[in-house]
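A.B. asks: Okay, here's the structure, questions in a sec.
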Amino acid sequence: MASFDLLVEKWVPVRMSDGSLAELSLTDALVEASAIRSVEDDSPLVVSSVLRLLLAMVHRAVMGPETVRDTSHMLVDGRFPVRELRDYLDRWGGRFNLFDAGDPFYQVAAMRDVEAVFPVSKLVPERASGNNPVLFDHCTDPGCEAVGAPEVARMLLSHQMTALTSGRSRLSHTKDSPSGRAALVFASGRTLLETILLNLQIYRGEHRDHDRPVWEQDAPDLDRLRTSPERRPRGITDRYTWMSRSVLLLPEESDDGRAKVSKLVYASGWAPDLGESAFWRDPMAAYRSTEDGRIVPVGLRTSRAFWRDFSALLPPSEGRGTVRPEVLEVASTVLDEAGETDRRLTVSVFGQVAVPGQPKLESWRHEEYPLPRRLAGIEFEQVHAVLEQCLGRAEETGKALRQAGWTLASALLSTGDRRPHRQDVSNLLTSFPLLGQFWSRMETEFPGLLSRLGEAEDDGSEAYDWWTDQLRSRAWSSFYATCRGIGASAAAMRAAAAAERVLGRRLREALELQGGRAG
């Protein structure tokens, strides 16, 4: 019978402190966390899912932390409480076997009686399976080969934590995982140990007493999943290890005697009933209010780096309607308690870009930003307001460039008195490097803005003026680079001159004539 114990077998992808890559067991990843630089995988979804699994395990092993001081003590000591950790793993070790006959990890053994067999590629949206589009891999159902146990463990973990709605299944309608469309925010440490500690939440009372991660729960009853699959998360670790799908891996034995998987049984799992209570919000997500009054997580957007929405991570301004990720405030407080008051936070953002309300995955991303501690605190509201203004000016500058680009494209396509079709103008504008180059260049400047705001001795005026200069300079350089690409004909020169006038006027409006920096 196939067996793969996740606590013993090597499958967690990490980069060690000496720079080498390795695969470790879950036990070794926790015990040796101080000697590991980070979890590292080609898929950002695997990285964030493994981190959330490790966080859930530590929360349950120490049944805490109950206070920030508890976390800071572990940070100063440079280790987890090893006895509590090993006792916990001994107690629940039987639930971490990927191919156990009775309680396979993160699966539903009763699914063996459900006729819903799919290729293992069902677990990875970047591979083609059924009606899924081919994104990054050109594997299709007939040609997909079996994968080994380490890889399928990572596939199962990330799919359960990030699955998106995909219509009806043999049990019920599939729903998004609780945070499948959220941009998940982590405070990254210098080691895996620090990363885990900085992202632990205060875990006591109702959050702890009613909470259970997936391995401490009984497998869901299939009749319940058919008739009333919705339920609320019971706490942090329940949410971090939510069973979004009812899966049963069908292992085979390869020529070398190792288990591999090419098929699985697959259907809907628990549907999250998130309600409106703050208790059920993911501590790693920022939230915003919609026009119809709903509270939804801030997600990643197509062709738009997350830095443009960075103000969502900071303490909310009055009336802004956003809720920042709790992990950042806790991480900052832990560092203060540990005596590291001047240390910067590194903010890591993980997520997937998907079409709203659909299972279509467009891309996934992992972005990192340095966050000065001054910006992480709630006492610097005026500096936060300056950052919001800077980001707002960036968007206005982007609109100015777009209008200038539209003028340029329209003039190039015009013939006599005949005006070009709007779609033709749009297609030509899209082909220009204008906006892509501008946003790419401003992304490289954004850490400089954060640094200047964090170090500012004033209210952020100098940082604001510096950012305004960068916007103006980068806008013009991107525009002229685009104009050089359209040639030097008389028609091209006339088009460039008309667009230049538009850009000059719009930039003055965006950067100078809208009231300047608010005091």
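Following the order of the structure tokens, first chain is A, next is B, and so on, with residues numbered from 1 inside each chain and ligands from 1 in the order they appear.
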List as a ChimeraX atom specification the protein and nucleic acid residues near Trp307 (chain A), meaning an atom at most 9 Å away when only C-alpha atoms are counted, but skip any in the same chain fewer than 3 places from it.
C.D. replies: /A:304,310-311,367,369,391,443,446
A.B. asks: Set out as a Markdown table a contact list for region 198-237 of chain A and region 256-278 of chain A with a cut-off of 6 Å, giving each residue of region 198-237 of chain A that qualifies its closest atom pair and distance in Å to one decimal, counting only C-alpha atoms, ordered by chain and rising residue number.
C.D. replies:
| residue | atom | partner | partner_atom | distance |
| --- | --- | --- | --- | --- |
| A:Pro229 | CA | A:Trp270 | CA | 5.2 |
| A:Glu230 | CA | A:Ala271 | CA | 4.5 |
| A:Arg231 | CA | A:Asp273 | CA | 5.2 |
| A:Arg232 | CA | A:Asp273 | CA | 4.8 |
A.B. asks: Using Å and a single decimal, report how far CA of Leu412 (chain A) sits from CA of Ala495 (chain A).
C.D. replies: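 Taking CA of Ala495 (chain A) and CA of Leu412 (chain A), their separation equals 6.0 Å.
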A.B. asks: Counting only C-alpha atoms, which residue out of A:Arg418, A:Arg69, A:His159, A:Arg212 sits closest to Lys122 (chain A)?
C.D. replies: A:His159
A.B. asks: Go through A:Val185, A:Ile486, A:Val124, A:Met161 and flag the residue nearest Ser244 (chain A), using only C-alpha atoms for the distances.
C.D. replies: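 When distances to Ser244 (chain A) are compared using only C-alpha atoms, the smallest one comes from A:Met161.
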A.B. asks: So that I can check the surroundings of Thr341 (chain A), please list as a PDB file with all heavy atoms, in the first residue's frame every protein, DNA and RNA residue that reaches within 9 Å of it, counting only C-alpha atoms and ignoring chain neighbours fewer than 4 positions away.
C.D. replies:
ATOM      1  N   SER A 332       4.859  44.405  13.488  1.00  0.00           N
ATOM      2  CA  SER A 332       5.539  45.610  13.960  1.00  0.00           C
ATOM      3  C   SER A 332       5.611  45.639  15.477  1.00  0.00           C
ATOM      4  O   SER A 332       6.642  45.989  16.066  1.00  0.00           O
ATOM      5  CB  SER A 332       4.797  46.854  13.438  1.00  0.00           C
ATOM      6  OG  SER A 332       5.475  48.036  13.819  1.00  0.00           O
ATOM      7  N   THR A 333       4.532  45.236  16.137  1.00  0.00           N
ATOM      8  CA  THR A 333       4.511  45.224  17.595  1.00  0.00           C
ATOM      9  C   THR A 333       5.466  44.176  18.159  1.00  0.00           C
ATOM     10  O   THR A 333       6.129  44.408  19.176  1.00  0.00           O
ATOM     11  CB  THR A 333       3.081  44.942  18.097  1.00  0.00           C
ATOM     12  OG1 THR A 333       2.180  45.873  17.501  1.00  0.00           O
ATOM     13  CG2 THR A 333       2.993  45.084  19.607  1.00  0.00           C
ATOM     14  N   LEU A 335       8.295  43.153  16.793  1.00  0.00           N
ATOM     15  CA  LEU A 335       9.652  43.682  16.672  1.00  0.00           C
ATOM     16  C   LEU A 335       9.929  44.734  17.752  1.00  0.00           C
ATOM     17  O   LEU A 335      11.033  44.784  18.314  1.00  0.00           O
ATOM     18  CB  LEU A 335       9.865  44.278  15.284  1.00  0.00           C
ATOM     19  CG  LEU A 335       9.946  43.277  14.123  1.00  0.00           C
ATOM     20  CD1 LEU A 335      10.079  44.009  12.795  1.00  0.00           C
ATOM     21  CD2 LEU A 335      11.110  42.313  14.316  1.00  0.00           C
ATOM     22  N   ASP A 336       8.948  45.569  18.036  1.00  0.00           N
ATOM     23  CA  ASP A 336       9.118  46.555  19.112  1.00  0.00           C
ATOM     24  C   ASP A 336       9.364  45.855  20.439  1.00  0.00           C
ATOM     25  O   ASP A 336      10.259  46.239  21.205  1.00  0.00           O
ATOM     26  CB  ASP A 336       7.876  47.442  19.219  1.00  0.00           C
ATOM     27  CG  ASP A 336       7.786  48.456  18.090  1.00  0.00           C
ATOM     28  OD1 ASP A 336       8.814  48.692  17.429  1.00  0.00           O
ATOM     29  OD2 ASP A 336       6.684  48.986  17.859  1.00  0.00           O
ATOM     30  N   GLU A 337       8.578  44.836  20.713  1.00  0.00           N
ATOM     31  CA  GLU A 337       8.691  44.106  21.971  1.00  0.00           C
ATOM     32  C   GLU A 337      10.041  43.400  22.068  1.00  0.00           C
ATOM     33  O   GLU A 337      10.599  43.247  23.161  1.00  0.00           O
ATOM     34  CB  GLU A 337       7.560  43.085  22.082  1.00  0.00           C
ATOM     35  CG  GLU A 337       7.493  42.339  23.397  1.00  0.00           C
ATOM     36  CD  GLU A 337       7.062  43.217  24.564  1.00  0.00           C
ATOM     37  OE1 GLU A 337       6.341  44.207  24.332  1.00  0.00           O
ATOM     38  OE2 GLU A 337       7.457  42.910  25.720  1.00  0.00           O
ATOM     39  N   ARG A 373       9.308  51.277   9.344  1.00  0.00           N
ATOM     40  CA  ARG A 373       8.449  51.098  10.521  1.00  0.00           C
ATOM     41  C   ARG A 373       7.560  52.311  10.770  1.00  0.00           C
ATOM     42  O   ARG A 373       6.468  52.188  11.327  1.00  0.00           O
ATOM     43  CB  ARG A 373       9.328  50.826  11.733  1.00  0.00           C
ATOM     44  CG  ARG A 373      10.101  49.511  11.609  1.00  0.00           C
ATOM     45  CD  ARG A 373       9.168  48.321  11.691  1.00  0.00           C
ATOM     46  NE  ARG A 373       8.510  48.289  12.965  1.00  0.00           N
ATOM     47  CZ  ARG A 373       9.114  47.968  14.106  1.00  0.00           C
ATOM     48  NH1 ARG A 373      10.391  47.611  14.091  1.00  0.00           N
ATOM     49  NH2 ARG A 373       8.466  47.962  15.240  1.00  0.00           N
TER      50      ARG A 373
END
A.B. asks: To one decimal place, how far is CA of Gly448 (chain A) from CA of Ser188 (chain A) in Å?
C.D. replies: 19.1 Å
A.B. asks: Where does DSSP see alpha helix (DSSP H) in region 25-220 of chain A, if you list the residues as a CSV table (one decimal) with N, CA and C atoms, in the first residue's frame?
C.D. replies:
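This went into part-v3.csv:
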chain,number,residue,atom,x,y,z
A,26,LEU,N,8.0,18.3,6.8
A,26,LEU,CA,7.4,19.3,7.6
A,26,LEU,C,8.1,19.4,9.0
A,27,THR,N,8.4,18.3,9.6
A,27,THR,CA,9.1,18.3,10.9
A,27,THR,C,10.4,19.1,10.8
A,28,ASP,N,11.2,18.7,9.8
A,28,ASP,CA,12.5,19.4,9.7
A,28,ASP,C,12.4,20.8,9.4
A,29,ALA,N,11.4,21.2,8.6
A,29,ALA,CA,11.2,22.6,8.2
A,29,ALA,C,10.9,23.4,9.5
A,30,LEU,N,10.2,22.9,10.4
A,30,LEU,CA,9.9,23.6,11.7
A,30,LEU,C,11.1,23.6,12.6
A,31,VAL,N,11.7,22.4,12.8
A,31,VAL,CA,12.8,22.3,13.8
A,31,VAL,C,14.0,23.0,13.3
A,44,PRO,N,4.1,31.0,-6.7
A,44,PRO,CA,3.8,31.7,-5.5
A,44,PRO,C,2.7,31.1,-4.6
A,45,LEU,N,1.8,30.4,-5.3
A,45,LEU,CA,0.7,29.8,-4.5
A,45,LEU,C,1.2,28.7,-3.6
A,46,VAL,N,2.2,28.0,-4.1
A,46,VAL,CA,2.8,26.9,-3.2
A,46,VAL,C,3.4,27.6,-2.0
A,47,VAL,N,4.2,28.6,-2.3
A,47,VAL,CA,4.9,29.3,-1.2
A,47,VAL,C,3.9,29.8,-0.1
A,48,SER,N,2.9,30.5,-0.5
A,48,SER,CA,2.0,31.1,0.5
A,48,SER,C,1.2,30.0,1.2
A,49,SER,N,0.9,28.9,0.5
A,49,SER,CA,0.1,27.8,1.1
A,49,SER,C,1.0,27.0,2.1
A,50,VAL,N,2.2,26.8,1.8
A,50,VAL,CA,3.1,26.1,2.7
A,50,VAL,C,3.3,27.0,4.0
A,51,LEU,N,3.5,28.3,3.8
A,51,LEU,CA,3.6,29.2,5.0
A,51,LEU,C,2.4,29.1,5.8
A,52,ARG,N,1.2,29.1,5.3
A,52,ARG,CA,0.0,29.1,6.1
A,52,ARG,C,-0.2,27.8,6.8
A,53,LEU,N,0.3,26.7,6.1
A,53,LEU,CA,0.2,25.4,6.8
A,53,LEU,C,1.2,25.4,8.0
A,54,LEU,N,2.4,25.9,7.9
A,54,LEU,CA,3.3,26.0,9.0
A,54,LEU,C,2.8,26.8,10.1
A,55,LEU,N,2.2,28.0,9.7
A,55,LEU,CA,1.6,28.8,10.8
A,55,LEU,C,0.5,28.1,11.6
A,56,ALA,N,-0.3,27.4,10.8
A,56,ALA,CA,-1.4,26.7,11.5
A,56,ALA,C,-0.8,25.6,12.5
A,57,MET,N,0.2,24.9,12.1
A,57,MET,CA,0.8,23.9,12.9
A,57,MET,C,1.5,24.5,14.2
A,58,VAL,N,2.1,25.7,14.0
A,58,VAL,CA,2.7,26.3,15.2
A,58,VAL,C,1.7,26.8,16.2
A,59,HIS,N,0.6,27.5,15.6
A,59,HIS,CA,-0.4,27.9,16.5
A,59,HIS,C,-1.0,26.8,17.3
A,60,ARG,N,-1.2,25.7,16.7
A,60,ARG,CA,-1.9,24.6,17.5
A,60,ARG,C,-0.9,23.9,18.4
A,61,ALA,N,0.4,23.9,18.0
A,61,ALA,CA,1.4,23.2,18.8
A,61,ALA,C,1.6,24.0,20.1
A,62,VAL,N,1.7,25.3,20.1
A,62,VAL,CA,1.9,26.1,21.3
A,62,VAL,C,0.6,26.6,21.9
A,68,VAL,N,1.7,39.2,22.6
A,68,VAL,CA,2.8,39.6,21.7
A,68,VAL,C,4.2,39.3,22.4
A,69,ARG,N,4.2,39.4,23.7
A,69,ARG,CA,5.4,39.0,24.4
A,69,ARG,C,5.8,37.6,24.2
A,70,ASP,N,4.8,36.7,24.1
A,70,ASP,CA,5.1,35.3,23.9
A,70,ASP,C,5.9,35.1,22.6
A,71,THR,N,5.4,35.8,21.5
A,71,THR,CA,6.1,35.7,20.2
A,71,THR,C,7.5,36.3,20.3
A,72,SER,N,7.6,37.5,20.9
A,72,SER,CA,8.9,38.2,21.0
A,72,SER,C,9.9,37.3,21.7
A,73,HIS,N,9.5,36.5,22.7
A,73,HIS,CA,10.4,35.7,23.4
A,73,HIS,C,10.9,34.6,22.5
A,74,MET,N,10.1,34.0,21.7
A,74,MET,CA,10.5,33.0,20.7
A,74,MET,C,11.5,33.6,19.7
A,75,LEU,N,11.2,34.9,19.3
A,75,LEU,CA,12.0,35.6,18.3
A,75,LEU,C,13.4,35.8,18.9
A,76,VAL,N,13.5,36.2,20.1
A,76,VAL,CA,14.8,36.5,20.8
A,76,VAL,C,15.5,35.1,21.0
A,77,ASP,N,14.8,34.1,21.4
A,77,ASP,CA,15.4,32.8,21.6
A,77,ASP,C,15.9,32.1,20.3
A,82,VAL,N,10.5,23.4,21.3
A,82,VAL,CA,10.6,22.1,20.6
A,82,VAL,C,9.8,21.0,21.3
A,83,ARG,N,9.8,20.9,22.6
A,83,ARG,CA,9.0,19.9,23.2
A,83,ARG,C,7.5,19.9,22.9
A,84,GLU,N,6.9,21.1,22.9
A,84,GLU,CA,5.5,21.3,22.6
A,84,GLU,C,5.3,20.9,21.1
A,85,LEU,N,6.2,21.3,20.3
A,85,LEU,CA,6.1,21.0,18.9
A,85,LEU,C,6.1,19.5,18.6
A,86,ARG,N,7.1,18.8,19.2
A,86,ARG,CA,7.2,17.4,18.9
A,86,ARG,C,6.0,16.6,19.6
A,87,ASP,N,5.6,17.1,20.7
A,87,ASP,CA,4.4,16.4,21.3
A,87,ASP,C,3.2,16.5,20.4
A,88,TYR,N,3.1,17.7,19.9
A,88,TYR,CA,1.9,17.9,19.0
A,88,TYR,C,2.0,17.1,17.7
A,89,LEU,N,3.2,17.0,17.2
A,89,LEU,CA,3.3,16.2,15.9
A,89,LEU,C,3.1,14.7,16.2
A,90,ASP,N,3.6,14.3,17.4
A,90,ASP,CA,3.3,12.9,17.8
A,90,ASP,C,1.8,12.6,17.9
A,91,ARG,N,1.1,13.6,18.5
A,91,ARG,CA,-0.3,13.4,18.8
A,91,ARG,C,-1.1,13.3,17.5
A,92,TRP,N,-0.7,14.1,16.5
A,92,TRP,CA,-1.5,14.1,15.2
A,92,TRP,C,-0.8,13.6,14.0
A,149,ALA,N,5.0,11.9,-5.4
A,149,ALA,CA,4.3,12.3,-4.1
A,149,ALA,C,4.7,13.6,-3.6
A,150,PRO,N,6.0,14.0,-3.7
A,150,PRO,CA,6.3,15.4,-3.2
A,150,PRO,C,5.6,16.5,-4.0
A,151,GLU,N,5.6,16.3,-5.3
A,151,GLU,CA,4.9,17.3,-6.1
A,151,GLU,C,3.4,17.3,-5.9
A,152,VAL,N,2.8,16.2,-5.9
A,152,VAL,CA,1.4,16.1,-5.7
A,152,VAL,C,1.0,16.7,-4.3
A,153,ALA,N,1.8,16.5,-3.3
A,153,ALA,CA,1.5,17.1,-2.0
A,153,ALA,C,1.5,18.6,-2.1
A,154,ARG,N,2.4,19.2,-2.8
A,154,ARG,CA,2.4,20.7,-3.0
A,154,ARG,C,1.2,21.1,-3.8
A,155,MET,N,0.8,20.3,-4.9
A,155,MET,CA,-0.3,20.6,-5.7
A,155,MET,C,-1.6,20.6,-4.9
A,156,LEU,N,-1.8,19.6,-4.1
A,156,LEU,CA,-3.0,19.4,-3.3
A,156,LEU,C,-3.1,20.6,-2.3
A,157,LEU,N,-2.0,20.9,-1.6
A,157,LEU,CA,-2.0,21.9,-0.6
A,157,LEU,C,-2.4,23.3,-1.2
A,158,SER,N,-1.8,23.7,-2.3
A,158,SER,CA,-2.0,25.0,-2.9
A,158,SER,C,-3.4,25.0,-3.5
A,159,HIS,N,-3.9,23.9,-4.0
A,159,HIS,CA,-5.2,23.9,-4.6
A,159,HIS,C,-6.3,24.1,-3.6
A,160,GLN,N,-6.2,23.3,-2.5
A,160,GLN,CA,-7.2,23.5,-1.4
A,160,GLN,C,-7.3,24.9,-0.9
A,161,MET,N,-6.1,25.6,-0.8
A,161,MET,CA,-6.1,26.9,-0.2
A,161,MET,C,-6.4,28.0,-1.2
A,162,THR,N,-6.4,27.7,-2.5
A,162,THR,CA,-6.6,28.8,-3.4
A,162,THR,C,-7.6,28.5,-4.5
A,192,LEU,N,13.2,31.5,7.9
A,192,LEU,CA,11.9,31.0,8.0
A,192,LEU,C,11.3,31.1,9.4
A,193,LEU,N,12.1,30.9,10.4
A,193,LEU,CA,11.7,31.0,11.8
A,193,LEU,C,11.1,32.4,12.0
A,194,GLU,N,11.8,33.5,11.6
A,194,GLU,CA,11.4,34.8,11.8
A,194,GLU,C,10.1,35.1,11.0
A,195,THR,N,10.0,34.6,9.8
A,195,THR,CA,8.8,34.8,9.0
A,195,THR,C,7.6,34.2,9.6
A,196,ILE,N,7.7,33.0,10.2
A,196,ILE,CA,6.6,32.3,10.9
A,196,ILE,C,6.2,33.2,12.1
A,197,LEU,N,7.2,33.5,12.9
A,197,LEU,CA,6.9,34.3,14.1
A,197,LEU,C,6.3,35.6,13.8
A,198,LEU,N,6.7,36.3,12.8
A,198,LEU,CA,6.2,37.6,12.5
A,198,LEU,C,4.8,37.6,12.0
A,199,ASN,N,4.3,36.4,11.5
A,199,ASN,CA,3.0,36.3,11.0
A,199,ASN,C,2.0,35.6,11.9
A,206,GLU,N,-11.9,32.7,22.0
A,206,GLU,CA,-12.7,32.1,21.0
A,206,GLU,C,-11.9,31.7,19.8
A,207,HIS,N,-10.9,32.5,19.4
A,207,HIS,CA,-10.1,32.1,18.3
A,207,HIS,C,-9.4,30.8,18.4
A,208,ARG,N,-9.1,30.4,19.6
A,208,ARG,CA,-8.4,29.2,19.9
A,208,ARG,C,-9.3,28.0,20.3
A,209,ASP,N,-10.2,28.3,21.2
A,209,ASP,CA,-11.0,27.2,21.8
A,209,ASP,C,-11.9,26.5,20.8
A.B. asks: Excluding region 201-203 of chain A and any residue of its chain fewer than 6 positions from it, enumerate the residues within 8 Å of it, using only C-alpha atoms, and give them as a PyMOL selection string.
C.D. replies: chain A and resi 59+63-68+283+327+330
A.B. asks: Counting only C-alpha atoms, which residues in region 137-253 of chain A sit no more than 10 Å from region 95-117 of chain A? For each one, give the nearest pair of atoms and the distance in Å, sorted by chain then residue number, as a Markdown table.
C.D. replies:
| residue | atom | partner | partner_atom | distance |
| --- | --- | --- | --- | --- |
| A:Ala149 | CA | A:Leu98 | CA | 8.1 |
| A:Pro150 | CA | A:Leu98 | CA | 9.8 |
| A:Val152 | CA | A:Leu98 | CA | 9.3 |
| A:Ala153 | CA | A:Leu98 | CA | 7.3 |
| A:Leu156 | CA | A:Tyr106 | CA | 7.8 |
| A:Leu157 | CA | A:Tyr106 | CA | 7.7 |
| A:Gln160 | CA | A:Tyr106 | CA | 8.0 |
| A:Ser169 | CA | A:Ala116 | CA | 8.3 |
| A:Arg170 | CA | A:Ala116 | CA | 6.8 |
| A:Leu171 | CA | A:Val114 | CA | 8.9 |
| A:Val214 | CA | A:Tyr106 | CA | 6.7 |
| A:Trp215 | CA | A:Arg95 | CA | 5.7 |
| A:Glu216 | CA | A:Arg95 | CA | 7.9 |
| A:Gln217 | CA | A:Arg95 | CA | 9.7 |
| A:Asp218 | CA | A:Asp103 | CA | 8.6 |
| A:Ala219 | CA | A:Val108 | CA | 5.9 |
| A:Pro220 | CA | A:Val108 | CA | 7.2 |
| A:Asp221 | CA | A:Ala110 | CA | 8.3 |
| A:Leu222 | CA | A:Ala110 | CA | 7.5 |
| A:Thr241 | CA | A:Tyr106 | CA | 8.5 |
| A:Trp242 | CA | A:Tyr106 | CA | 9.0 |
| A:Met243 | CA | A:Tyr106 | CA | 6.9 |
| A:Ser244 | CA | A:Tyr106 | CA | 9.7 |
| A:Arg245 | CA | A:Gln107 | CA | 8.2 |
| A:Ser246 | CA | A:Val108 | CA | 5.7 |
| A:Val247 | CA | A:Gln107 | CA | 5.0 |
| A:Leu248 | CA | A:Gln107 | CA | 5.4 |
| A:Leu249 | CA | A:Phe99 | CA | 7.4 |
| A:Leu250 | CA | A:Phe99 | CA | 8.3 |
| A:Pro251 | CA | A:Phe99 | CA | 7.3 |
A.B. asks: Mind dumping the selected residues with C-alpha atoms as a PDB file, in the first residue's frame?
C.D. replies:
ATOM      1  CA  ALA A 149       4.306  12.250  -4.132  1.00  0.00           C
ATOM      2  CA  PRO A 150       6.341  15.389  -3.207  1.00  0.00           C
ATOM      3  CA  VAL A 152       1.380  16.116  -5.698  1.00  0.00           C
ATOM      4  CA  ALA A 153       1.529  17.095  -2.000  1.00  0.00           C
ATOM      5  CA  LEU A 156      -2.989  19.412  -3.278  1.00  0.00           C
ATOM      6  CA  LEU A 157      -2.036  21.935  -0.610  1.00  0.00           C
ATOM      7  CA  GLN A 160      -7.203  23.458  -1.430  1.00  0.00           C
ATOM      8  CA  SER A 169     -19.654  18.971  -9.207  1.00  0.00           C
ATOM      9  CA  ARG A 170     -20.983  15.529  -8.255  1.00  0.00           C
ATOM     10  CA  LEU A 171     -21.690  16.835  -4.743  1.00  0.00           C
ATOM     11  CA  VAL A 214      -8.185  20.312   8.821  1.00  0.00           C
ATOM     12  CA  TRP A 215      -6.165  17.436  10.322  1.00  0.00           C
ATOM     13  CA  GLU A 216      -7.888  17.845  13.707  1.00  0.00           C
ATOM     14  CA  GLN A 217     -11.322  17.631  12.076  1.00  0.00           C
ATOM     15  CA  ASP A 218     -13.286  14.567  11.083  1.00  0.00           C
ATOM     16  CA  ALA A 219     -13.682  14.175   7.333  1.00  0.00           C
ATOM     17  CA  PRO A 220     -16.879  15.893   6.135  1.00  0.00           C
ATOM     18  CA  ASP A 221     -19.946  13.763   5.535  1.00  0.00           C
ATOM     19  CA  LEU A 222     -20.778  13.546   1.824  1.00  0.00           C
ATOM     20  CA  THR A 241      -6.411  24.988   6.077  1.00  0.00           C
ATOM     21  CA  TRP A 242      -9.912  25.209   4.608  1.00  0.00           C
ATOM     22  CA  MET A 243     -11.041  22.114   2.682  1.00  0.00           C
ATOM     23  CA  SER A 244     -12.325  23.779  -0.480  1.00  0.00           C
ATOM     24  CA  ARG A 245     -12.616  20.533  -2.420  1.00  0.00           C
ATOM     25  CA  SER A 246     -13.391  16.912  -1.662  1.00  0.00           C
ATOM     26  CA  VAL A 247     -10.403  15.163  -3.168  1.00  0.00           C
ATOM     27  CA  LEU A 248      -9.087  11.615  -3.071  1.00  0.00           C
ATOM     28  CA  LEU A 249      -5.739  10.890  -4.685  1.00  0.00           C
ATOM     29  CA  LEU A 250      -5.483   7.538  -6.472  1.00  0.00           C
ATOM     30  CA  PRO A 251      -1.830   6.488  -6.006  1.00  0.00           C
TER      31      PRO A 251
END
A.B. asks: When DSSP works through the backbone of this structure, what residues of region 242-315 of chain A end up as strand (DSSP E or B), shown as a VMD selection string?
C.D. replies: chain A and resid 245 to 253 259 to 268 271 to 272 287 to 289 295 to 297 301 304
A.B. asks: Using only C-alpha atoms, find the one residue out of A:Gln389, A:Gln423, A:Gln382, A:Ser303 that sits nearest to Val353 (chain A).
C.D. replies: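 Looking only at the distances to Val353 (chain A), the closest residue turns out to be A:Ser303.
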A.B. asks: Applying 7 Å and only C-alpha atoms, which residues near Val298 (chain A) remain after dropping the ones on its own chain fewer than 2 positions away? List them as a compact mmCIF listing (two decimals) with C-alpha atoms, in the first residue's frame.
C.D. replies:
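See around_39.txt below for the written result:
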# COMPACT_ATOMS: atom_id res chain seq x y z
CA ALA A 182 -7.27 37.94 -2.02
CA ALA A 183 -3.80 39.41 -2.18
CA ALA A 285 -5.75 40.30 3.61
CA ALA A 286 -6.72 43.94 3.26
CA TYR A 287 -10.45 44.63 2.86
CA ARG A 288 -12.42 47.40 1.19
CA VAL A 296 -14.43 42.27 0.07
A.B. asks: For the atom pair CA of Glu509 (chain A) and CA of Met442 (chain A), what is the interatomic distance in Å to one decimal place?
C.D. replies: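 About the pair CA of Glu509 (chain A) and CA of Met442 (chain A): they are 19.3 Å apart.
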A.B. asks: Given only C-alpha atoms as the basis, pick out the residue of A:Asp469, A:Asp211, A:Glu291, A:Asp176 nearest to Lys360 (chain A).
C.D. replies: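 Nearest to Lys360 (chain A): A:Asp176.
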A.B. asks: Return the single residue from A:Gly454, A:Gly339, A:Gly351, A:Pro433 that is closest to Phe306 (chain A), with distances computed using only C-alpha atoms.
C.D. replies: A:Gly351
A.B. asks: I'd like the contact shell of Lys175 (chain A) - 7 Å cut-off, only C-alpha atoms, skipping same-chain residues fewer than 2 positions apart - returned as an MDAnalysis selection string.
C.D. replies: chainID A and resid 164:165 173 177 271
A.B. asks: So that I can see what lies close to Tyr480 (chain A), please list as a PDB file with C-alpha atoms, in the first residue's frame the residues with an atom at most 10 Å from it, counting only C-alpha atoms and leaving out residues fewer than 6 positions away in the same chain.
C.D. replies:
ATOM      1  CA  LEU A 434       3.991  54.149 -23.536  1.00  0.00           C
ATOM      2  CA  ARG A 474       9.167  59.251 -16.351  1.00  0.00           C
ATOM      3  CA  ALA A 496       3.660  63.527 -32.038  1.00  0.00           C
ATOM      4  CA  GLU A 500       2.832  66.377 -26.885  1.00  0.00           C
TER       5      GLU A 500
END
A.B. asks: Could you check the closest approach to Thr227 (chain A) for each of A:Asp424, A:Ser172, A:Asp282, A:Gly93 and tell me which residue wins, using only C-alpha atoms?
C.D. replies: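 Of all the options, A:Ser172 lies closest to Thr227 (chain A).
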